[in-house]
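Just run04.pdb here, PDB, C-alpha atoms and all ligand atoms:
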```
ATOM      1  CA  MET A  22     103.124 111.317 127.945  1.00  0.00           C
ATOM      2  CA  ASN A  23     102.430 114.776 126.537  1.00  0.00           C
ATOM      3  CA  ILE A  24     105.300 116.497 124.789  1.00  0.00           C
ATOM      4  CA  LEU A  25     105.695 120.034 123.523  1.00  0.00           C
ATOM      5  CA  LEU A  26     108.246 120.157 120.725  1.00  0.00           C
ATOM      6  CA  VAL A  27     109.598 123.567 119.763  1.00  0.00           C
ATOM      7  CA  GLY A  28     112.335 124.719 117.438  1.00  0.00           C
ATOM      8  CA  PRO A  29     113.121 127.388 114.873  1.00  0.00           C
ATOM      9  CA  ILE A  30     112.479 126.875 111.179  1.00  0.00           C
ATOM     10  CA  ALA A  31     114.732 124.295 109.536  1.00  0.00           C
ATOM     11  CA  SER A  32     115.561 122.719 112.902  1.00  0.00           C
ATOM     12  CA  GLY A  33     114.243 119.346 111.754  1.00  0.00           C
ATOM     13  CA  LYS A  34     111.267 119.631 114.080  1.00  0.00           C
ATOM     14  CA  GLY A  35     108.859 117.997 111.639  1.00  0.00           C
ATOM     15  CA  THR A  36     111.094 114.969 111.175  1.00  0.00           C
ATOM     16  CA  GLN A  37     111.512 114.411 114.907  1.00  0.00           C
ATOM     17  CA  ALA A  38     107.771 114.938 115.432  1.00  0.00           C
ATOM     18  CA  GLN A  39     106.999 112.193 112.927  1.00  0.00           C
ATOM     19  CA  LYS A  40     109.406 109.779 114.610  1.00  0.00           C
ATOM     20  CA  LEU A  41     107.996 110.508 118.060  1.00  0.00           C
ATOM     21  CA  ILE A  42     104.355 110.003 117.137  1.00  0.00           C
ATOM     22  CA  GLU A  43     105.140 106.720 115.391  1.00  0.00           C
ATOM     23  CA  LYS A  44     107.332 105.266 118.137  1.00  0.00           C
ATOM     24  CA  TYR A  45     105.149 106.309 121.076  1.00  0.00           C
ATOM     25  CA  ASN A  46     101.655 106.218 119.545  1.00  0.00           C
ATOM     26  CA  LEU A  47     100.988 109.910 120.126  1.00  0.00           C
ATOM     27  CA  ALA A  48      98.341 112.187 118.703  1.00  0.00           C
ATOM     28  CA  HIS A  49      99.935 114.882 116.563  1.00  0.00           C
ATOM     29  CA  LEU A  50      98.656 118.335 117.312  1.00  0.00           C
ATOM     30  CA  GLU A  51     100.175 120.603 114.698  1.00  0.00           C
ATOM     31  CA  MET A  52      98.249 123.850 114.554  1.00  0.00           C
ATOM     32  CA  GLY A  53      99.272 124.919 111.049  1.00  0.00           C
ATOM     33  CA  GLY A  54      98.074 121.646 109.561  1.00  0.00           C
ATOM     34  CA  LEU A  55      94.904 121.616 111.655  1.00  0.00           C
ATOM     35  CA  LEU A  56      94.037 125.159 110.575  1.00  0.00           C
ATOM     36  CA  ARG A  57      94.578 124.326 106.924  1.00  0.00           C
ATOM     37  CA  SER A  58      92.393 121.233 107.092  1.00  0.00           C
ATOM     38  CA  ILE A  59      89.646 123.090 108.965  1.00  0.00           C
ATOM     39  CA  THR A  60      89.437 125.751 106.262  1.00  0.00           C
ATOM     40  CA  LYS A  61      88.385 122.975 103.877  1.00  0.00           C
ATOM     41  CA  GLU A  62      85.444 122.048 106.110  1.00  0.00           C
ATOM     42  CA  GLU A  63      82.008 123.403 105.277  1.00  0.00           C
ATOM     43  CA  SER A  64      81.230 124.406 108.845  1.00  0.00           C
ATOM     44  CA  PRO A  65      80.821 127.660 110.780  1.00  0.00           C
ATOM     45  CA  LEU A  66      84.265 127.097 112.311  1.00  0.00           C
ATOM     46  CA  GLY A  67      85.751 126.376 108.898  1.00  0.00           C
ATOM     47  CA  TYR A  68      84.395 129.649 107.465  1.00  0.00           C
ATOM     48  CA  LYS A  69      85.567 131.593 110.510  1.00  0.00           C
ATOM     49  CA  VAL A  70      89.118 130.240 110.319  1.00  0.00           C
ATOM     50  CA  LYS A  71      89.248 130.764 106.558  1.00  0.00           C
ATOM     51  CA  ASP A  72      88.247 134.375 107.043  1.00  0.00           C
ATOM     52  CA  PHE A  73      91.106 134.908 109.521  1.00  0.00           C
ATOM     53  CA  LEU A  74      93.715 133.214 107.360  1.00  0.00           C
ATOM     54  CA  ASP A  75      92.590 134.890 104.126  1.00  0.00           C
ATOM     55  CA  ASN A  76      92.990 138.252 105.805  1.00  0.00           C
ATOM     56  CA  GLY A  77      96.404 137.346 107.191  1.00  0.00           C
ATOM     57  CA  LYS A  78      95.172 137.620 110.761  1.00  0.00           C
ATOM     58  CA  LEU A  79      96.144 135.430 113.704  1.00  0.00           C
ATOM     59  CA  VAL A  80      93.266 133.286 114.889  1.00  0.00           C
ATOM     60  CA  THR A  81      92.048 134.161 118.379  1.00  0.00           C
ATOM     61  CA  ASP A  82      92.701 132.070 121.479  1.00  0.00           C
ATOM     62  CA  GLU A  83      88.989 131.174 121.598  1.00  0.00           C
ATOM     63  CA  ILE A  84      89.127 129.675 118.122  1.00  0.00           C
ATOM     64  CA  VAL A  85      92.353 127.869 118.925  1.00  0.00           C
ATOM     65  CA  VAL A  86      90.754 126.329 121.989  1.00  0.00           C
ATOM     66  CA  GLU A  87      87.719 125.260 119.974  1.00  0.00           C
ATOM     67  CA  ILE A  88      90.026 123.602 117.446  1.00  0.00           C
ATOM     68  CA  VAL A  89      92.059 121.831 120.113  1.00  0.00           C
ATOM     69  CA  GLU A  90      88.877 120.736 121.853  1.00  0.00           C
ATOM     70  CA  ASN A  91      87.481 119.234 118.642  1.00  0.00           C
ATOM     71  CA  TYR A  92      90.786 117.606 117.898  1.00  0.00           C
ATOM     72  CA  LEU A  93      91.123 116.001 121.326  1.00  0.00           C
ATOM     73  CA  GLN A  94      87.625 114.577 120.937  1.00  0.00           C
ATOM     74  CA  SER A  95      88.419 113.109 117.538  1.00  0.00           C
ATOM     75  CA  ILE A  96      91.653 111.276 118.345  1.00  0.00           C
ATOM     76  CA  GLY A  97      90.346 108.336 120.362  1.00  0.00           C
ATOM     77  CA  LYS A  98      92.641 106.309 122.563  1.00  0.00           C
ATOM     78  CA  LEU A  99      96.313 107.119 122.182  1.00  0.00           C
ATOM     79  CA  ASP A 100      99.224 107.116 124.597  1.00  0.00           C
ATOM     80  CA  GLY A 101      99.663 110.866 124.669  1.00  0.00           C
ATOM     81  CA  ILE A 102      99.834 114.024 122.644  1.00  0.00           C
ATOM     82  CA  LEU A 103     102.660 115.650 120.788  1.00  0.00           C
ATOM     83  CA  PHE A 104     102.119 119.397 120.721  1.00  0.00           C
ATOM     84  CA  ASP A 105     104.086 120.339 117.641  1.00  0.00           C
ATOM     85  CA  GLY A 106     105.093 123.986 117.810  1.00  0.00           C
ATOM     86  CA  PHE A 107     101.948 124.931 119.724  1.00  0.00           C
ATOM     87  CA  PRO A 108     101.645 126.793 122.052  1.00  0.00           C
ATOM     88  CA  ARG A 109     104.330 129.009 120.594  1.00  0.00           C
ATOM     89  CA  ILE A 110     104.143 132.315 122.425  1.00  0.00           C
ATOM     90  CA  LEU A 111     104.073 133.060 126.132  1.00  0.00           C
ATOM     91  CA  SER A 112     100.489 134.349 126.378  1.00  0.00           C
ATOM     92  CA  GLN A 113      99.255 131.273 124.515  1.00  0.00           C
ATOM     93  CA  ALA A 114     101.235 128.974 126.802  1.00  0.00           C
ATOM     94  CA  LYS A 115      99.659 130.457 129.916  1.00  0.00           C
ATOM     95  CA  PHE A 116      96.169 130.458 128.455  1.00  0.00           C
ATOM     96  CA  PHE A 117      96.628 126.909 127.249  1.00  0.00           C
ATOM     97  CA  GLU A 118      97.958 125.688 130.575  1.00  0.00           C
ATOM     98  CA  ASP A 119      94.646 126.619 132.221  1.00  0.00           C
ATOM     99  CA  PHE A 120      92.721 124.970 129.431  1.00  0.00           C
ATOM    100  CA  LEU A 121      94.683 121.718 129.820  1.00  0.00           C
ATOM    101  CA  ARG A 122      94.335 121.790 133.603  1.00  0.00           C
ATOM    102  CA  ARG A 123      90.558 121.865 133.226  1.00  0.00           C
ATOM    103  CA  LYS A 124      90.859 118.719 131.091  1.00  0.00           C
ATOM    104  CA  ASP A 125      93.152 117.079 133.645  1.00  0.00           C
ATOM    105  CA  LEU A 126      95.986 117.256 131.146  1.00  0.00           C
ATOM    106  CA  LYS A 127      99.430 118.784 131.271  1.00  0.00           C
ATOM    107  CA  ILE A 128     102.581 119.048 129.245  1.00  0.00           C
ATOM    108  CA  ASP A 129     105.182 116.717 130.759  1.00  0.00           C
ATOM    109  CA  ILE A 130     108.253 117.863 128.904  1.00  0.00           C
ATOM    110  CA  VAL A 131     109.305 120.617 126.515  1.00  0.00           C
ATOM    111  CA  LEU A 132     111.828 119.513 123.910  1.00  0.00           C
ATOM    112  CA  SER A 133     113.598 122.547 122.537  1.00  0.00           C
ATOM    113  CA  LEU A 134     115.546 121.896 119.353  1.00  0.00           C
ATOM    114  CA  THR A 135     118.351 124.398 118.950  1.00  0.00           C
ATOM    115  CA  LEU A 136     120.195 125.462 115.829  1.00  0.00           C
ATOM    116  CA  PRO A 137     122.700 128.306 115.277  1.00  0.00           C
ATOM    117  CA  LYS A 138     121.373 131.191 113.192  1.00  0.00           C
ATOM    118  CA  GLU A 139     123.972 130.691 110.426  1.00  0.00           C
ATOM    119  CA  GLU A 140     122.950 127.045 110.130  1.00  0.00           C
ATOM    120  CA  ILE A 141     119.260 127.977 109.852  1.00  0.00           C
ATOM    121  CA  LEU A 142     120.067 130.431 107.081  1.00  0.00           C
ATOM    122  CA  SER A 143     122.233 128.016 105.133  1.00  0.00           C
ATOM    123  CA  ARG A 144     119.663 125.233 105.433  1.00  0.00           C
ATOM    124  CA  ILE A 145     116.890 127.512 104.168  1.00  0.00           C
ATOM    125  CA  LEU A 146     118.932 128.977 101.334  1.00  0.00           C
ATOM    126  CA  ASN A 147     119.925 125.480 100.166  1.00  0.00           C
ATOM    127  CA  ARG A 148     116.386 124.223 100.418  1.00  0.00           C
ATOM    128  CA  ARG A 149     114.358 123.347  97.325  1.00  0.00           C
ATOM    129  CA  THR A 150     110.763 122.200  97.365  1.00  0.00           C
ATOM    130  CA  CYS A 151     108.987 120.084  94.771  1.00  0.00           C
ATOM    131  CA  GLU A 152     106.258 122.159  93.159  1.00  0.00           C
ATOM    132  CA  LYS A 153     104.094 119.087  92.664  1.00  0.00           C
ATOM    133  CA  CYS A 154     104.386 116.852  95.744  1.00  0.00           C
ATOM    134  CA  GLY A 155     106.005 119.161  98.306  1.00  0.00           C
ATOM    135  CA  LYS A 156     109.034 116.945  98.964  1.00  0.00           C
ATOM    136  CA  ILE A 157     111.935 118.937 100.411  1.00  0.00           C
ATOM    137  CA  TYR A 158     115.539 118.719  99.221  1.00  0.00           C
ATOM    138  CA  ASN A 159     118.797 120.360 100.252  1.00  0.00           C
ATOM    139  CA  VAL A 160     121.113 121.024  97.315  1.00  0.00           C
ATOM    140  CA  VAL A 161     124.158 120.340  99.539  1.00  0.00           C
ATOM    141  CA  THR A 162     123.151 117.634 102.008  1.00  0.00           C
ATOM    142  CA  LYS A 163     120.198 115.966 100.273  1.00  0.00           C
ATOM    143  CA  PRO A 164     120.326 116.755  96.552  1.00  0.00           C
ATOM    144  CA  PRO A 165     117.968 115.186  94.001  1.00  0.00           C
ATOM    145  CA  LYS A 166     119.420 112.623  91.572  1.00  0.00           C
ATOM    146  CA  VAL A 167     118.858 115.056  88.681  1.00  0.00           C
ATOM    147  CA  GLU A 168     119.367 118.751  89.367  1.00  0.00           C
ATOM    148  CA  GLY A 169     116.097 120.646  89.688  1.00  0.00           C
ATOM    149  CA  VAL A 170     113.898 117.548  89.336  1.00  0.00           C
ATOM    150  CA  CYS A 171     112.014 115.673  92.080  1.00  0.00           C
ATOM    151  CA  ASP A 172     113.161 112.053  92.544  1.00  0.00           C
ATOM    152  CA  ASP A 173     109.658 110.906  93.461  1.00  0.00           C
ATOM    153  CA  CYS A 174     107.336 112.581  91.000  1.00  0.00           C
ATOM    154  CA  GLY A 175     109.481 114.365  88.406  1.00  0.00           C
ATOM    155  CA  GLY A 176     108.109 117.754  89.515  1.00  0.00           C
ATOM    156  CA  LYS A 177     110.129 120.940  89.280  1.00  0.00           C
ATOM    157  CA  LEU A 178     112.172 121.936  92.371  1.00  0.00           C
ATOM    158  CA  VAL A 179     111.767 125.567  93.376  1.00  0.00           C
ATOM    159  CA  THR A 180     112.771 127.988  96.110  1.00  0.00           C
ATOM    160  CA  ARG A 181     109.640 128.883  98.039  1.00  0.00           C
ATOM    161  CA  SER A 182     108.708 132.554  98.027  1.00  0.00           C
ATOM    162  CA  ASP A 183     108.796 132.694 101.841  1.00  0.00           C
ATOM    163  CA  GLU A 184     112.305 131.241 101.963  1.00  0.00           C
ATOM    164  CA  THR A 185     114.286 134.254 100.828  1.00  0.00           C
ATOM    165  CA  PRO A 186     117.172 135.499 103.064  1.00  0.00           C
ATOM    166  CA  GLU A 187     115.086 138.527 104.163  1.00  0.00           C
ATOM    167  CA  LYS A 188     111.997 136.529 105.072  1.00  0.00           C
ATOM    168  CA  THR A 189     114.098 133.907 106.827  1.00  0.00           C
ATOM    169  CA  ALA A 190     115.833 136.582 108.905  1.00  0.00           C
ATOM    170  CA  THR A 191     112.416 137.994 109.859  1.00  0.00           C
ATOM    171  CA  ARG A 192     111.227 134.567 110.964  1.00  0.00           C
ATOM    172  CA  ILE A 193     114.373 134.003 113.049  1.00  0.00           C
ATOM    173  CA  ALA A 194     113.926 137.401 114.702  1.00  0.00           C
ATOM    174  CA  TRP A 195     110.283 136.581 115.429  1.00  0.00           C
ATOM    175  CA  PHE A 196     111.297 133.303 117.019  1.00  0.00           C
ATOM    176  CA  GLU A 197     113.806 135.064 119.267  1.00  0.00           C
ATOM    177  CA  LYS A 198     111.365 137.761 120.277  1.00  0.00           C
ATOM    178  CA  GLU A 199     108.223 135.643 120.756  1.00  0.00           C
ATOM    179  CA  VAL A 200     109.132 131.997 121.259  1.00  0.00           C
ATOM    180  CA  ILE A 201     112.274 132.245 123.396  1.00  0.00           C
ATOM    181  CA  PRO A 202     110.387 133.983 126.248  1.00  0.00           C
ATOM    182  CA  MET A 203     107.922 131.089 126.261  1.00  0.00           C
ATOM    183  CA  ILE A 204     110.769 128.565 126.386  1.00  0.00           C
ATOM    184  CA  ASN A 205     112.288 130.535 129.278  1.00  0.00           C
ATOM    185  CA  TYR A 206     108.952 130.386 131.071  1.00  0.00           C
ATOM    186  CA  TYR A 207     108.975 126.590 130.831  1.00  0.00           C
ATOM    187  CA  LYS A 208     112.661 126.544 131.804  1.00  0.00           C
ATOM    188  CA  GLU A 209     111.814 128.238 135.081  1.00  0.00           C
ATOM    189  CA  LYS A 210     109.412 125.393 135.708  1.00  0.00           C
ATOM    190  CA  GLY A 211     112.173 122.867 135.035  1.00  0.00           C
ATOM    191  CA  MET A 212     110.327 121.397 132.058  1.00  0.00           C
ATOM    192  CA  VAL A 213     112.783 122.035 129.233  1.00  0.00           C
ATOM    193  CA  GLU A 214     115.290 119.681 127.648  1.00  0.00           C
ATOM    194  CA  GLU A 215     117.465 121.482 125.145  1.00  0.00           C
ATOM    195  CA  VAL A 216     118.436 119.272 122.241  1.00  0.00           C
ATOM    196  CA  ASP A 217     121.188 120.178 119.797  1.00  0.00           C
ATOM    197  CA  GLY A 218     119.532 120.072 116.382  1.00  0.00           C
ATOM    198  CA  ASN A 219     122.796 120.428 114.490  1.00  0.00           C
ATOM    199  CA  ARG A 220     123.402 116.675 114.276  1.00  0.00           C
ATOM    200  CA  PRO A 221     122.178 113.756 112.146  1.00  0.00           C
ATOM    201  CA  VAL A 222     118.475 112.892 112.489  1.00  0.00           C
ATOM    202  CA  GLU A 223     119.071 109.521 114.201  1.00  0.00           C
ATOM    203  CA  VAL A 224     121.536 110.955 116.728  1.00  0.00           C
ATOM    204  CA  ILE A 225     119.062 113.684 117.665  1.00  0.00           C
ATOM    205  CA  PHE A 226     116.290 111.145 118.066  1.00  0.00           C
ATOM    206  CA  GLU A 227     118.389 108.904 120.335  1.00  0.00           C
ATOM    207  CA  ASP A 228     119.191 111.947 122.429  1.00  0.00           C
ATOM    208  CA  ILE A 229     115.480 112.799 122.713  1.00  0.00           C
ATOM    209  CA  VAL A 230     114.672 109.225 123.744  1.00  0.00           C
ATOM    210  CA  SER A 231     117.338 109.357 126.460  1.00  0.00           C
ATOM    211  CA  ARG A 232     115.833 112.609 127.806  1.00  0.00           C
ATOM    212  CA  LEU A 233     112.401 110.979 127.975  1.00  0.00           C
ATOM    213  CA  GLN A 234     113.941 108.075 129.883  1.00  0.00           C
ATOM    214  CA  LYS A 235     115.815 110.348 132.232  1.00  0.00           C
ATOM    215  CA  ARG A 236     112.546 112.013 133.193  1.00  0.00           C
ATOM    216  CA  GLY A 237     110.804 108.687 133.711  1.00  0.00           C
ATOM    217  CA  LEU A 238     108.324 109.300 130.871  1.00  0.00           C
ATOM    218  CA  ILE A 239     109.235 106.045 129.122  1.00  0.00           C
ATOM    219  CA  ASN A 240     110.801 102.801 130.327  1.00  0.00           C
ATOM    220  CA  ALA A 241     114.520 102.310 129.791  1.00  0.00           C
TER     221      ALA A 241
HETATM  222 ZN    ZN B   1     107.796 115.687  93.840  1.00  0.00          ZN
END
```
File written out as structure tokens:
Amino acid sequence: MNILLVGPIASGKGTQAQKLIEKYNLAHLEMGGLLRSITKEESPLGYKVKDFLDNGKLVTDEIVVEIVENYLQSIGKLDGILFDGFPRILSQAKFFEDFLRRKDLKIDIVLSLTLPKEEILSRILNRRTCEKCGKIYNVVTKPPKVEGVCDDCGGKLVTRSDETPEKTATRIAWFEKEVIPMINYYKEKGMVEEVDGNRPVEVIFEDIVSRLQKRGLINA
């Protein structure tokens, strides 16, 4: 079972991804994380990717394919792959489809987490991140025990510099302009299950599981 999980920022995508890979023994292909770990490698690919990221450029499709190829070789025997937010734009999706076909692979289902714009904004504006360990809090729905202090490590909780209202609005606009057309492309192929992300984590997960069942991807 190969799943593509998409959703705007603050949609709880990461949490659902974690639950899916644990429950169904899936490889977790998350491009952001893969790129970051590759930049730490002392290899030609590592230097190349680092150069792109340091200059704020998007890595090319060729590099992405090389990364995915390496990753697929490294994962060993698992029951499927969770594509976490990748591909994320239409051109990438089409390019990637051909690549997967050559490997005898395909995406079986696209789970699209949805969240109203106002909810995205309020989640981001209420978000605080631990400077030390990266744990994420929400001052309204998931506050720390002591204001401004991480429960786990005692680190200071801060608002990340890319989580201002302006930057958040830009990211939402980007999602609408670039990602929605890709989701529509998959919709035309009948691959998309839209999942309301404005509910508690467990309720969302149960909903996702029922969609997987409905499509015969897992046993009831
Ligand atoms: Zn912490």
Review point. With all atoms listed in the file as the basis for distance, which of A:Leu93, A:Ile157, A:Ala48, A:Ile88 is at the shortest distance from ligand ZN 1 (chain B)?
Key: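 Closest to ligand ZN 1 (chain B), using all atoms listed in the file: A:Ile157.
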**Study point:** Shell around Val200 (chain A) at 7 Å using all atoms listed in the file, local window under 3 positions removed, as a PyMOL selection string
**Key:** chain A and resi 109-110+196-197+203-204
Study note, to complete from the structure: Residue with the minimum atom-to-atom distance to Lys210 (chain A), picked from A:Leu178, A:Val167, A:Val160, A:Ile128 with only C-alpha atoms counted, is A:Ile128
Check your understanding: Can you list, as a list in words, the residues that the PyMOL selection byres (((chain A and resi 32) around 8) and not hetatm) selects here?
Key ->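 When the PyMOL selection byres (((chain A and resi 32) around 8) and not hetatm) is applied to the shown file, the picked residues are Gly28, Pro29, Ile30, Ala31, Gly33, Lys34, Leu134, Thr135, Leu136, Ile141, Gly218 and Asn219 of chain A.
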Practice item. Could you report the residues within 9 Å of ligand ZN 1 (chain B), using only C-alpha atoms and all ligand atoms, as a PyMOL selection string? Key: chain A and resi 150-157+170-178
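The space between CA of Leu146 (chain A) and CA of Ile201 (chain A) spans 23.3 Å.
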Practice item. Could you tell me how far CA of Ala114 (chain A) lies from CA of Arg220 (chain A), in Å and to one decimal? Key: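 Spanning CA of Ala114 (chain A) to CA of Arg220 (chain A) is a straight-line distance of 28.3 Å.
In this model, the gap between CA of Tyr92 (chain A) and CA of Lys78 (chain A) comes to 21.7 Å.
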Exercise for review: Would you list the residues near (106.2, 112.0, 115.6), meaning any protein, DNA or RNA residue with an atom at most 12 Å from that point in file coordinates, counting only C-alpha atoms, as a PyMOL selection string?
Suggested key: chain A and resi 23-26+33-51+101-105+226+229
For the residues in the current selection, export C-alpha atoms as a JSON list (two decimals), in the coordinates of the input.
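Wrote it out as again-v7.json, contents follow:
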```json
[["chain", "number", "residue", "atom", "x", "y", "z"],
["A", 23, "ASN", "CA", 102.43, 114.78, 126.54],
["A", 24, "ILE", "CA", 105.30, 116.50, 124.79],
["A", 25, "LEU", "CA", 105.70, 120.03, 123.52],
["A", 26, "LEU", "CA", 108.25, 120.16, 120.72],
["A", 33, "GLY", "CA", 114.24, 119.35, 111.75],
["A", 34, "LYS", "CA", 111.27, 119.63, 114.08],
["A", 35, "GLY", "CA", 108.86, 118.00, 111.64],
["A", 36, "THR", "CA", 111.09, 114.97, 111.18],
["A", 37, "GLN", "CA", 111.51, 114.41, 114.91],
["A", 38, "ALA", "CA", 107.77, 114.94, 115.43],
["A", 39, "GLN", "CA", 107.00, 112.19, 112.93],
["A", 40, "LYS", "CA", 109.41, 109.78, 114.61],
["A", 41, "LEU", "CA", 108.00, 110.51, 118.06],
["A", 42, "ILE", "CA", 104.36, 110.00, 117.14],
["A", 43, "GLU", "CA", 105.14, 106.72, 115.39],
["A", 44, "LYS", "CA", 107.33, 105.27, 118.14],
["A", 45, "TYR", "CA", 105.15, 106.31, 121.08],
["A", 46, "ASN", "CA", 101.66, 106.22, 119.54],
["A", 47, "LEU", "CA", 100.99, 109.91, 120.13],
["A", 48, "ALA", "CA", 98.34, 112.19, 118.70],
["A", 49, "HIS", "CA", 99.94, 114.88, 116.56],
["A", 50, "LEU", "CA", 98.66, 118.34, 117.31],
["A", 51, "GLU", "CA", 100.18, 120.60, 114.70],
["A", 101, "GLY", "CA", 99.66, 110.87, 124.67],
["A", 102, "ILE", "CA", 99.83, 114.02, 122.64],
["A", 103, "LEU", "CA", 102.66, 115.65, 120.79],
["A", 104, "PHE", "CA", 102.12, 119.40, 120.72],
["A", 105, "ASP", "CA", 104.09, 120.34, 117.64],
["A", 226, "PHE", "CA", 116.29, 111.14, 118.07],
["A", 229, "ILE", "CA", 115.48, 112.80, 122.71]]
```
Check your understanding: With all atoms listed in the file as the atoms that count, which of A:Arg181, A:Lys98, A:Ile130, A:Asp82 lies nearest to Gln234 (chain A)?
Key ->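 For Gln234 (chain A), the nearest of the given residues is A:Ile130.
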Review point. For Glu90 (chain A), which residue among A:Arg149, A:Lys124, A:Lys163, A:Lys188 is the nearest when counting all atoms listed in the file?
Key: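 Nearest candidate to Glu90 (chain A) out of A:Arg149, A:Lys124, A:Lys163, A:Lys188: A:Lys124.
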Practice item. For Glu83 (chain A), list every protein, DNA or RNA residue within 12 Å, evaluated using all atoms listed in the file, and leave out those in the same chain fewer than 4 positions away; present the list as a ChimeraX atom specification. Key: /A:66,69-70,79,87-90,113,116-117,120
Starting from the incomplete input, reconstruct all heavy atoms of region 84-90 of chain A and write that as an mmCIF file, in the frame of the given file.
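rebuild_3.cif written:
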```cif
data_model
loop_
_atom_site.group_PDB
_atom_site.id
_atom_site.type_symbol
_atom_site.label_atom_id
_atom_site.label_comp_id
_atom_site.auth_asym_id
_atom_site.auth_seq_id
_atom_site.Cartn_x
_atom_site.Cartn_y
_atom_site.Cartn_z
ATOM 1 N N ILE A 84 89.226 130.589 119.261
ATOM 2 C CA ILE A 84 89.127 129.675 118.122
ATOM 3 C C ILE A 84 90.136 128.542 118.282
ATOM 4 O O ILE A 84 89.820 127.370 118.052
ATOM 5 C CB ILE A 84 89.367 130.429 116.790
ATOM 6 C CG1 ILE A 84 88.221 131.409 116.565
ATOM 7 C CG2 ILE A 84 89.500 129.465 115.629
ATOM 8 C CD1 ILE A 84 88.327 132.190 115.270
ATOM 9 N N VAL A 85 91.325 128.885 118.725
ATOM 10 C CA VAL A 85 92.353 127.869 118.925
ATOM 11 C C VAL A 85 91.865 126.807 119.908
ATOM 12 O O VAL A 85 92.006 125.604 119.674
ATOM 13 C CB VAL A 85 93.661 128.528 119.429
ATOM 14 C CG1 VAL A 85 94.605 127.487 120.001
ATOM 15 C CG2 VAL A 85 94.338 129.288 118.295
ATOM 16 N N VAL A 86 91.247 127.265 120.984
ATOM 17 C CA VAL A 86 90.754 126.329 121.989
ATOM 18 C C VAL A 86 89.663 125.435 121.405
ATOM 19 O O VAL A 86 89.633 124.226 121.641
ATOM 20 C CB VAL A 86 90.234 127.095 123.226
ATOM 21 C CG1 VAL A 86 89.318 126.235 124.069
ATOM 22 C CG2 VAL A 86 91.409 127.566 124.059
ATOM 23 N N GLU A 87 88.784 126.041 120.610
ATOM 24 C CA GLU A 87 87.719 125.260 119.974
ATOM 25 C C GLU A 87 88.325 124.176 119.075
ATOM 26 O O GLU A 87 87.872 123.032 119.067
ATOM 27 C CB GLU A 87 86.822 126.209 119.150
ATOM 28 C CG GLU A 87 85.498 125.581 118.751
ATOM 29 C CD GLU A 87 84.579 126.576 118.029
ATOM 30 O OE1 GLU A 87 84.800 127.803 118.157
ATOM 31 O OE2 GLU A 87 83.663 126.115 117.336
ATOM 32 N N ILE A 88 89.366 124.544 118.347
ATOM 33 C CA ILE A 88 90.026 123.602 117.446
ATOM 34 C C ILE A 88 90.677 122.468 118.242
ATOM 35 O O ILE A 88 90.527 121.285 117.913
ATOM 36 C CB ILE A 88 91.083 124.328 116.588
ATOM 37 C CG1 ILE A 88 90.388 125.260 115.588
ATOM 38 C CG2 ILE A 88 91.972 123.339 115.855
ATOM 39 C CD1 ILE A 88 91.318 126.230 114.900
ATOM 40 N N VAL A 89 91.378 122.845 119.300
ATOM 41 C CA VAL A 89 92.059 121.831 120.113
ATOM 42 C C VAL A 89 91.033 120.902 120.749
ATOM 43 O O VAL A 89 91.193 119.680 120.775
ATOM 44 C CB VAL A 89 92.941 122.498 121.191
ATOM 45 C CG1 VAL A 89 93.507 121.461 122.152
ATOM 46 C CG2 VAL A 89 94.076 123.278 120.541
ATOM 47 N N GLU A 90 89.952 121.505 121.233
ATOM 48 C CA GLU A 90 88.877 120.736 121.853
ATOM 49 C C GLU A 90 88.325 119.692 120.866
ATOM 50 O O GLU A 90 88.216 118.513 121.197
ATOM 51 C CB GLU A 90 87.771 121.694 122.278
ATOM 52 C CG GLU A 90 86.796 121.151 123.264
ATOM 53 C CD GLU A 90 86.873 121.908 124.596
ATOM 54 O OE1 GLU A 90 87.056 123.146 124.577
ATOM 55 O OE2 GLU A 90 86.754 121.263 125.624
#
```
